Each structure stands twice: as structure tokens, then as C-alpha cells.
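Structure below is query_38.csv: CSV, C-alpha atoms.
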```
chain,number,residue,atom,x,y,z
A,30,MET,CA,39.0,-23.2,4.4
A,31,THR,CA,38.2,-19.5,4.8
A,32,VAL,CA,37.9,-18.4,8.4
A,33,PRO,CA,34.7,-16.3,8.9
A,34,ALA,CA,35.3,-12.6,9.7
A,35,ILE,CA,32.1,-12.2,11.6
A,36,GLU,CA,30.9,-14.6,14.2
A,37,ARG,CA,27.2,-14.8,15.0
A,38,ILE,CA,26.3,-15.7,18.6
A,39,ASP,CA,22.6,-16.7,18.9
A,40,GLU,CA,21.3,-15.8,22.4
A,41,GLY,CA,17.6,-15.9,21.5
A,42,PRO,CA,16.2,-12.4,21.6
A,43,ILE,CA,19.8,-11.1,21.7
A,44,GLN,CA,21.9,-11.6,18.5
A,45,VAL,CA,25.6,-10.8,18.9
A,46,LEU,CA,27.7,-10.2,15.8
A,47,ARG,CA,31.3,-10.3,16.7
A,48,ILE,CA,34.0,-9.1,14.3
A,49,ALA,CA,36.9,-11.5,14.7
A,50,ARG,CA,39.9,-10.4,12.6
A,51,PRO,CA,42.5,-9.8,15.4
A,52,GLU,CA,45.3,-10.5,12.9
A,53,ARG,CA,44.1,-7.4,11.0
A,54,ARG,CA,43.1,-5.5,14.1
A,55,ASN,CA,39.5,-6.1,13.2
A,56,ALA,CA,39.8,-4.1,10.0
A,57,LEU,CA,37.0,-4.6,7.5
A,58,ASP,CA,37.5,-5.5,3.9
A,59,PRO,CA,34.7,-5.8,1.3
A,60,ASP,CA,34.3,-9.6,2.0
A,61,ALA,CA,33.9,-8.9,5.7
A,62,LEU,CA,31.3,-6.2,5.0
A,63,LYS,CA,29.4,-8.6,2.7
A,64,GLU,CA,29.6,-11.2,5.5
A,65,LEU,CA,28.1,-8.7,7.9
A,66,ARG,CA,25.2,-8.0,5.4
A,67,ASP,CA,24.7,-11.8,5.0
A,68,HIS,CA,24.2,-12.1,8.7
A,69,ALA,CA,21.7,-9.3,8.7
A,70,ASP,CA,19.8,-10.9,5.9
A,71,ALA,CA,19.7,-14.2,7.7
A,72,LEU,CA,18.4,-12.5,10.9
A,73,ARG,CA,15.3,-11.4,8.9
A,74,SER,CA,13.9,-14.9,9.4
A,75,VAL,CA,14.7,-15.0,13.1
A,76,THR,CA,11.4,-13.7,14.4
A,77,GLY,CA,12.4,-13.6,18.1
A,78,THR,CA,15.2,-11.1,17.6
A,79,ARG,CA,14.8,-8.0,19.9
A,80,GLY,CA,18.2,-6.5,19.4
A,81,VAL,CA,21.5,-6.9,17.6
A,82,VAL,CA,24.8,-6.2,19.3
A,83,LEU,CA,27.9,-5.4,17.3
A,84,THR,CA,31.2,-6.2,19.1
A,85,SER,CA,34.6,-7.5,18.3
A,86,ASP,CA,37.6,-9.5,19.4
A,87,ALA,CA,39.2,-6.8,21.4
A,88,SER,CA,42.3,-8.9,22.4
A,89,THR,CA,44.4,-6.4,20.4
A,90,GLY,CA,42.9,-3.4,22.2
A,91,VAL,CA,40.9,-2.5,19.1
A,92,PHE,CA,37.2,-2.4,18.4
A,93,VAL,CA,37.4,-1.9,14.6
A,94,SER,CA,40.5,-0.3,12.9
A,95,GLY,CA,38.4,0.8,9.9
A,96,GLY,CA,38.8,-0.4,6.4
A,97,ASP,CA,41.6,-2.9,5.6
A,98,LEU,CA,44.0,-0.6,3.8
A,99,ARG,CA,46.2,-3.5,2.6
A,100,VAL,CA,43.2,-4.6,0.5
A,101,LEU,CA,41.7,-1.2,-0.2
A,102,GLN,CA,44.9,0.5,-1.4
A,103,GLY,CA,44.1,-1.1,-4.8
A,104,VAL,CA,41.1,1.2,-5.1
A,105,ARG,CA,42.3,4.2,-7.0
A,106,THR,CA,39.3,5.9,-8.5
A,107,ALA,CA,36.3,7.9,-7.2
A,108,ARG,CA,33.9,5.4,-8.7
A,109,GLY,CA,35.7,2.5,-7.0
A,110,ALA,CA,35.7,4.4,-3.6
A,111,ARG,CA,31.9,5.0,-3.9
A,112,ASP,CA,31.3,1.4,-4.7
A,113,LEU,CA,33.3,0.4,-1.6
A,114,ALA,CA,31.3,2.8,0.5
A,115,ARG,CA,28.1,1.4,-0.8
A,116,THR,CA,29.2,-2.0,0.3
A,117,ALA,CA,29.4,-0.7,3.9
A,118,HIS,CA,26.1,1.1,3.5
A,119,ALA,CA,24.4,-2.1,2.4
A,120,ALA,CA,25.6,-3.9,5.5
A,121,ILE,CA,24.5,-1.1,7.8
A,122,ASP,CA,21.2,-0.6,6.1
A,123,ALA,CA,20.4,-4.3,6.2
A,124,LEU,CA,21.1,-4.3,10.0
A,125,ARG,CA,18.9,-1.3,10.6
A,126,ALA,CA,16.1,-2.7,8.4
A,127,LEU,CA,15.6,-5.4,11.0
A,128,GLY,CA,13.6,-2.9,13.1
A,129,VAL,CA,15.4,-3.7,16.4
A,130,PRO,CA,18.0,-1.6,18.3
A,131,LEU,CA,21.5,-1.8,16.9
A,132,VAL,CA,23.9,-1.7,19.9
A,133,ALA,CA,27.6,-1.2,19.8
A,134,ALA,CA,29.7,-2.9,22.6
A,135,ILE,CA,33.0,-1.2,22.2
A,136,GLY,CA,35.9,-2.9,24.0
A,137,GLY,CA,38.8,-1.2,22.4
A,138,ASP,CA,39.9,1.7,20.2
A,139,ALA,CA,37.9,2.6,17.1
A,140,TYR,CA,39.6,4.0,14.0
A,141,GLY,CA,38.1,5.7,10.9
A,142,GLY,CA,35.5,3.3,9.6
A,143,GLY,CA,35.3,1.7,13.0
A,144,CYS,CA,34.1,5.1,14.4
A,145,GLU,CA,31.6,5.2,11.5
A,146,LEU,CA,30.3,1.8,12.3
A,147,ALA,CA,29.8,2.7,15.9
A,148,ALA,CA,28.1,6.0,14.9
A,149,ALA,CA,25.6,4.0,12.8
A,150,CYS,CA,24.4,2.2,15.9
A,151,ASP,CA,21.5,3.4,18.0
A,152,VAL,CA,23.1,2.9,21.4
A,153,ARG,CA,26.8,2.7,22.3
A,154,PHE,CA,28.5,1.2,25.4
A,155,ALA,CA,32.2,2.0,25.5
A,156,GLU,CA,34.7,0.6,28.0
A,157,SER,CA,36.7,3.2,29.9
A,158,GLN,CA,40.0,2.5,28.1
A,159,ALA,CA,38.5,2.9,24.6
A,160,ARG,CA,39.3,5.9,22.4
A,161,PHE,CA,37.8,7.1,19.1
A,162,HIS,CA,40.1,8.1,16.3
A,163,TRP,CA,38.4,9.9,13.5
A,164,VAL,CA,41.5,9.7,11.3
A,165,GLN,CA,39.9,10.2,7.9
A,166,ALA,CA,41.4,13.7,7.5
A,167,ARG,CA,44.8,12.3,8.2
A,168,PHE,CA,44.4,10.1,5.1
A,169,GLY,CA,43.1,12.9,3.0
A,170,VAL,CA,39.6,11.6,2.7
A,171,THR,CA,36.1,12.4,4.1
A,172,THR,CA,33.9,10.0,6.0
A,173,GLY,CA,32.3,7.5,3.6
A,174,TRP,CA,30.1,5.1,5.6
A,175,GLY,CA,27.6,7.7,6.8
A,176,GLY,CA,29.8,8.9,9.6
A,177,ALA,CA,29.4,12.7,9.0
A,178,SER,CA,25.6,12.7,9.1
A,179,ASN,CA,25.4,10.2,12.0
A,180,LEU,CA,27.9,12.2,14.0
A,181,LEU,CA,26.2,15.5,13.3
A,182,GLU,CA,22.9,14.0,14.5
A,183,VAL,CA,24.4,12.9,17.8
A,184,VAL,CA,27.0,15.5,18.8
A,185,GLY,CA,26.2,18.6,16.7
A,186,ARG,CA,28.3,20.6,14.3
A,187,GLY,CA,30.9,22.1,16.6
A,188,THR,CA,32.0,18.8,18.2
A,189,ALA,CA,31.8,17.0,14.8
A,190,MET,CA,34.0,19.7,13.3
A,191,ARG,CA,36.6,19.4,16.1
A,192,TRP,CA,36.7,15.6,16.0
A,193,LEU,CA,36.8,15.3,12.2
A,194,LEU,CA,39.2,18.2,11.4
A,195,THR,CA,41.8,17.6,14.1
A,196,ALA,CA,41.9,13.8,14.0
A,197,GLU,CA,42.8,13.8,17.7
A,198,PRO,CA,41.9,10.8,19.8
A,199,VAL,CA,38.6,11.2,21.8
A,200,SER,CA,38.5,9.4,25.1
A,201,ALA,CA,35.5,7.4,26.2
A,202,GLN,CA,34.7,9.9,28.9
A,203,ASP,CA,34.9,12.8,26.4
A,204,ALA,CA,32.6,10.9,24.0
A,205,LEU,CA,30.2,10.4,26.9
A,206,SER,CA,30.2,14.1,27.7
A,207,ALA,CA,29.5,14.9,24.0
A,208,GLY,CA,26.6,12.4,23.9
A,209,PHE,CA,28.3,10.1,21.5
A,210,VAL,CA,28.4,7.1,23.8
A,211,ASP,CA,25.5,6.3,26.2
A,212,ALA,CA,27.6,4.9,29.0
A,213,VAL,CA,31.2,4.3,29.9
A,214,VAL,CA,31.7,1.0,31.6
A,215,ASP,CA,34.4,-1.1,33.2
A,216,PRO,CA,36.9,-2.9,31.0
A,217,GLY,CA,35.6,-6.2,29.8
A,218,THR,CA,31.9,-5.4,30.5
A,219,ALA,CA,30.6,-3.6,27.4
A,220,LEU,CA,29.0,-6.7,25.9
A,221,ASP,CA,27.3,-7.5,29.2
A,222,HIS,CA,25.8,-4.0,29.4
A,223,ALA,CA,24.6,-4.2,25.8
A,224,ARG,CA,23.0,-7.5,26.5
A,225,ALA,CA,21.2,-6.0,29.6
A,226,PHE,CA,19.9,-3.2,27.5
A,227,VAL,CA,18.4,-5.5,24.9
A,228,ALA,CA,16.9,-7.7,27.6
A,229,LYS,CA,15.0,-4.6,28.9
A,230,VAL,CA,13.8,-3.9,25.4
A,231,ALA,CA,12.7,-7.6,25.1
A,232,ARG,CA,10.3,-7.1,28.0
A,233,GLN,CA,8.2,-4.6,26.0
A,234,PRO,CA,5.7,-5.6,23.3
A,235,LYS,CA,7.6,-6.3,20.0
A,236,GLY,CA,5.3,-4.4,17.7
A,237,GLY,CA,5.5,-1.2,19.7
A,238,THR,CA,9.3,-1.2,20.0
A,239,ARG,CA,9.7,-2.0,16.3
A,240,ARG,CA,7.6,1.0,15.3
A,241,MET,CA,9.4,3.2,17.9
A,242,VAL,CA,12.8,2.3,16.4
A,243,PHE,CA,11.7,3.3,12.9
A,244,LEU,CA,10.0,6.4,14.2
A,245,LEU,CA,13.0,7.6,16.1
A,246,ARG,CA,15.4,7.0,13.2
A,247,GLU,CA,13.2,8.6,10.6
A,248,THR,CA,12.3,11.7,12.5
A,249,ALA,CA,15.9,12.3,13.6
A,250,ARG,CA,17.2,12.0,10.1
A,251,LEU,CA,14.8,13.4,7.7
A,252,ASP,CA,17.6,14.7,5.4
A,253,ALA,CA,19.9,11.6,5.9
A,254,ARG,CA,19.3,10.3,2.4
A,255,ARG,CA,20.4,13.5,0.8
A,256,ALA,CA,23.3,13.8,3.2
A,257,ARG,CA,24.5,10.3,2.1
A,258,VAL,CA,24.5,11.4,-1.6
A,259,VAL,CA,26.7,14.4,-0.8
A,260,GLU,CA,29.0,12.3,1.4
A,261,LEU,CA,29.5,9.7,-1.2
A,262,ASP,CA,30.4,12.3,-3.8
A,263,HIS,CA,33.0,13.9,-1.5
A,264,PHE,CA,34.3,10.6,-0.3
A,265,GLY,CA,34.8,9.3,-3.9
A,266,ARG,CA,36.6,12.5,-5.1
A,267,SER,CA,38.8,12.7,-2.0
A,268,TRP,CA,39.8,9.0,-2.2
A,269,ALA,CA,41.0,9.5,-5.8
A,270,THR,CA,43.4,12.3,-4.8
A,271,GLN,CA,47.2,11.8,-4.7
A,272,ASP,CA,47.2,13.1,-1.1
A,273,HIS,CA,45.1,10.1,-0.1
A,274,HIS,CA,47.2,7.5,-1.9
A,275,ASP,CA,50.4,9.0,-0.5
A,276,ALA,CA,49.0,9.0,3.0
A,277,VAL,CA,48.0,5.3,2.7
A,278,ALA,CA,51.4,4.4,1.3
A,279,ARG,CA,53.1,6.1,4.3
A,280,PHE,CA,50.8,4.3,6.7
A,281,LEU,CA,51.4,0.9,5.2
A,282,ARG,CA,55.2,1.4,5.2
A,283,LYS,CA,55.0,1.9,9.0
A,284,ALA,CA,52.6,-1.0,9.6
```
Translate the structure of the given file into C-alpha cells.
Amino acid sequence: MTVPAIERIDEGPIQVLRIARPERRNALDPDALKELRDHADALRSVTGTRGVVLTSDASTGVFVSGGDLRVLQGVRTARGARDLARTAHAAIDALRALGVPLVAAIGGDAYGGGCELAAACDVRFAESQARFHWVQARFGVTTGWGGASNLLEVVGRGTAMRWLLTAEPVSAQDALSAGFVDAVVDPGTALDHARAFVAKVARQPKGGTRRMVFLLRETARLDARRARVVELDHFGRSWATQDHHDAVARFLRKA
């Protein structure tokens, strides 16, 4: 029997989606991303939902370690890479289409696609020990899950350039100073803070908050659709390079 990669915790107005792949450091493969989308699709019929919290089994000290390279190393072409990225986009878009805040409760380090998943959320609570590792450049690729446009929206070009080009770890406190996370909280409490935020939202009329969510997203990202097309092109072409495949091979030999 296949063990689910994503656990849904139904708390009434608060819906928690917990990534539970500790044996893979919560890395996401295409099946896990499809599972995330399936949960989003199922939540469309849960009329009382007022917020969705993305979190993970942080027992390994990791929020999400990005894409599962042991699976993804078999993708060798630009087209295959773009198809992979579209699977991630489909999951994220389905969650955002619910019209409720998407909140990240980050209880460990985020790597690559894990940073991009956090960046796709509306609000981020990071525990003080967490760090963000935008390691895409180290693997010879660009962001592919919307990370570039989301990061530019939140922290601006200079900070985005520094984080993405150097691949140096970003502490939770530095992420707070840059505006990437909304609060740095004590270890073990990110989920509680995320729940408390959604509970405050739930006290407001649902119709108004739903319209406000869509308004804030659309006005902040008027060029986001065009940016996604550009990102997918660069991601696909960079994924297909020998530099990327060599970097993945080196990483897997060390893993």
C-alpha cells in the first residue's frame, strides 16, 4: 500500500496540508505534487475553509528539500523539465484558486523548490532555526515553480539577485528583515502561529476576505502570467544543459 506524501488535517475553517516524506527530507516528486493538487481540488467542496496551511514533518530539520532528484534525474530534456514545472504550477494554482489565504508554517530549512513553494504562499511563519537555501544556481538551473516572480514581488530585485545568484543560506531573521517571512517564531510553534492567523481571518465575513485575497494577488502581480512563460523557457533550457546534469550527479553521489 502506497503511503500518502501529503496528509490533510481537517480543523474546520483551518485546513492543514502536511508534507510527510521524512525519509526523502520532504522532497517532492511528481506524484507528491499531484497529490497536493488533489487535496486542493477536494477542498473546493469544503465550503467552510477560511485558510490553508502548508507545513511538513520537520523531524529531519527540513521544511521541503525541493524536487526529489533521485526521481527527477531521469528528466533530460527542456520539454520534460517544463512539464515537470507545470505539475508544480498546477498544484500551486489549485491551492490559490480556493480564494483563501495560503499560509506557510516553516519548521525547518527550505531548499530550492521548497523555497519556491514557500514563496507561492501569501503569508509565511518561519521558526528561528530555519534557513532558506535558494540553490538552483548551484545545480545550473533557474527557478521553475514561479520562484523568481514571487521573490521579486516580495523582496525586490537587489535581494532576489543576491539570494539567487550566490546560493548562500538566508537565515530566518534575514528573511524577516527582507520582508520574505512575516514573522520569526520560536521552534515548534510555526503551525500554531499559522492557525492563529487563519482564525483571525475566519472572524471576518467570508465574501469580503475572498474578494480581498484575489484583489491583492491580482494587483500585485499584473505581469505574473507573462513572467511565468519566461521562467518556464529558461528553466527548461537550463535543465537540459550538461552543467545541470553533472551537478545533479555530483549531488547524488554525495547523498
Give me the range 237-277 of chain A side of the contact with range 120-130 of chain A, cut-off 10 Å, one line per residue showing its nearest atom pair and distance in Å at one decimal, counting all atoms listed in the file, sorted by chain and residue number, as a tab-separated table.
```
residue	atom	partner	partner_atom	distance
A:Thr238	CA	A:Val129	CA	7.5
A:Arg239	CA	A:Gly128	CA	5.1
A:Arg240	CA	A:Gly128	CA	7.5
A:Met241	CA	A:Gly128	CA	8.8
A:Val242	CA	A:Gly128	CA	6.2
A:Phe243	CA	A:Gly128	CA	6.5
A:Arg246	CA	A:Arg125	CA	9.4
```
What does the distance between CA of Arg266 in chain A and CA of Asp60 in chain A come to in Å, to one decimal place?
23.3 Å
Non-local contacts of Leu98 in chain A (9 Å; all atoms listed in the file; under 2 positions in same chain excluded) as a PyMOL selection string
chain A and resi 56-58+95-96+100-103+277+280-281
Could you save the residues just selected, with C-alpha atoms, as a PDB file, in the frame of the given file?
```pdb
ATOM      1  CA  ALA A  56      39.800  -4.100  10.000  1.00  0.00           C
ATOM      2  CA  LEU A  57      37.000  -4.600   7.500  1.00  0.00           C
ATOM      3  CA  ASP A  58      37.500  -5.500   3.900  1.00  0.00           C
ATOM      4  CA  GLY A  95      38.400   0.800   9.900  1.00  0.00           C
ATOM      5  CA  GLY A  96      38.800  -0.400   6.400  1.00  0.00           C
ATOM      6  CA  VAL A 100      43.200  -4.600   0.500  1.00  0.00           C
ATOM      7  CA  LEU A 101      41.700  -1.200  -0.200  1.00  0.00           C
ATOM      8  CA  GLN A 102      44.900   0.500  -1.400  1.00  0.00           C
ATOM      9  CA  GLY A 103      44.100  -1.100  -4.800  1.00  0.00           C
ATOM     10  CA  VAL A 277      48.000   5.300   2.700  1.00  0.00           C
ATOM     11  CA  PHE A 280      50.800   4.300   6.700  1.00  0.00           C
ATOM     12  CA  LEU A 281      51.400   0.900   5.200  1.00  0.00           C
TER      13      LEU A 281
END
```
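Residues in contact range of Asp39 in chain A, defined as at most 10 Å between all atoms listed in the file, with sequence neighbours fewer than 5 positions away removed, read A:Gln44, A:Val45, A:Leu46, A:Leu72, A:Val75, A:Thr78, A:Val81.
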Residues near range 143-159 of chain A, cut-off 6 Å, all atoms listed in the file, skip fewer than 3 positions along chain, as a ChimeraX atom specification
/A:93-95,131-140,176,179,201,210-216,219
Please measure the separation of CA of Trp268 in chain A and CA of Gly142 in chain A, giving the value in Å to one decimal.
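Going from CA of Trp268 in chain A over to CA of Gly142 in chain A, I get 13.8 Å.
Of the residues listed (A:Leu113, A:Arg50, A:Ala177, A:Asp70), A:Ala177 shows the shortest atom-to-atom separation from Val259 in chain A; distances use only C-alpha atoms.
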So that I can see what lies close to range 168-171 of chain A, please list as JSON, numbers by chain the residues with an atom at most 7 Å from it, counting only C-alpha atoms and leaving out residues fewer than 3 positions away in the same chain.
{"A": [164, 165, 263, 264, 267, 268, 272, 273, 276, 277]}
Pick the closest to Ala107 in chain A from A:Ala256, A:Gly173, A:Ala119, A:Leu244: which is it, counting all atoms listed in the file?
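Closest to Ala107 in chain A of all the choices is A:Gly173.
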List as a ChimeraX atom specification the protein and nucleic acid residues near Val230 in chain A, meaning an atom at most 10 Å away when all atoms listed in the file are counted, but skip any in the same chain fewer than 2 places from it.
/A:42,79-80,129-130,224-228,232-235,238
To one decimal place, how far is CA of Asp221 in chain A from CA of Val91 in chain A in Å?
17.7 Å
Nearest to Arg186 in chain A by atom-to-atom distance, counting only C-alpha atoms, from A:Ala284, A:Ala207, A:Ile43, A:Leu65
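Using only C-alpha atoms, the shortest distance to Arg186 in chain A belongs to A:Ala207.
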Using all atoms listed in the file, which of the listed residues (A:Gly237, A:Pro198, A:Leu193, A:Val104) sits closest to Ala269 in chain A?
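Between A:Gly237, A:Pro198, A:Leu193, A:Val104, the residue approaching Ala269 in chain A most closely is A:Val104.
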Could range 115-126 of chain A be completed with N, CA and C atoms and written as a CSV table (one decimal), in the coordinates of the input, please?
```
chain,number,residue,atom,x,y,z
A,115,ARG,N,29.4,2.0,-0.7
A,115,ARG,CA,28.1,1.4,-0.8
A,115,ARG,C,28.0,0.0,-0.2
A,116,THR,N,29.1,-0.7,-0.3
A,116,THR,CA,29.2,-2.0,0.3
A,116,THR,C,29.0,-1.9,1.8
A,117,ALA,N,29.6,-0.9,2.4
A,117,ALA,CA,29.4,-0.7,3.9
A,117,ALA,C,28.0,-0.2,4.2
A,118,HIS,N,27.5,0.7,3.3
A,118,HIS,CA,26.1,1.1,3.5
A,118,HIS,C,25.1,0.0,3.5
A,119,ALA,N,25.3,-0.9,2.5
A,119,ALA,CA,24.4,-2.1,2.4
A,119,ALA,C,24.4,-2.9,3.6
A,120,ALA,N,25.6,-3.1,4.2
A,120,ALA,CA,25.6,-3.9,5.5
A,120,ALA,C,24.9,-3.2,6.6
A,121,ILE,N,25.2,-1.9,6.8
A,121,ILE,CA,24.5,-1.1,7.8
A,121,ILE,C,23.0,-1.0,7.6
A,122,ASP,N,22.6,-0.7,6.4
A,122,ASP,CA,21.2,-0.6,6.1
A,122,ASP,C,20.4,-1.9,6.4
A,123,ALA,N,21.1,-3.0,6.0
A,123,ALA,CA,20.4,-4.3,6.2
A,123,ALA,C,20.2,-4.6,7.7
A,124,LEU,N,21.2,-4.2,8.5
A,124,LEU,CA,21.1,-4.3,10.0
A,124,LEU,C,20.0,-3.4,10.5
A,125,ARG,N,19.9,-2.2,10.1
A,125,ARG,CA,18.9,-1.3,10.6
A,125,ARG,C,17.5,-1.6,10.1
A,126,ALA,N,17.4,-2.3,8.9
A,126,ALA,CA,16.1,-2.7,8.4
A,126,ALA,C,15.4,-3.8,9.3
```
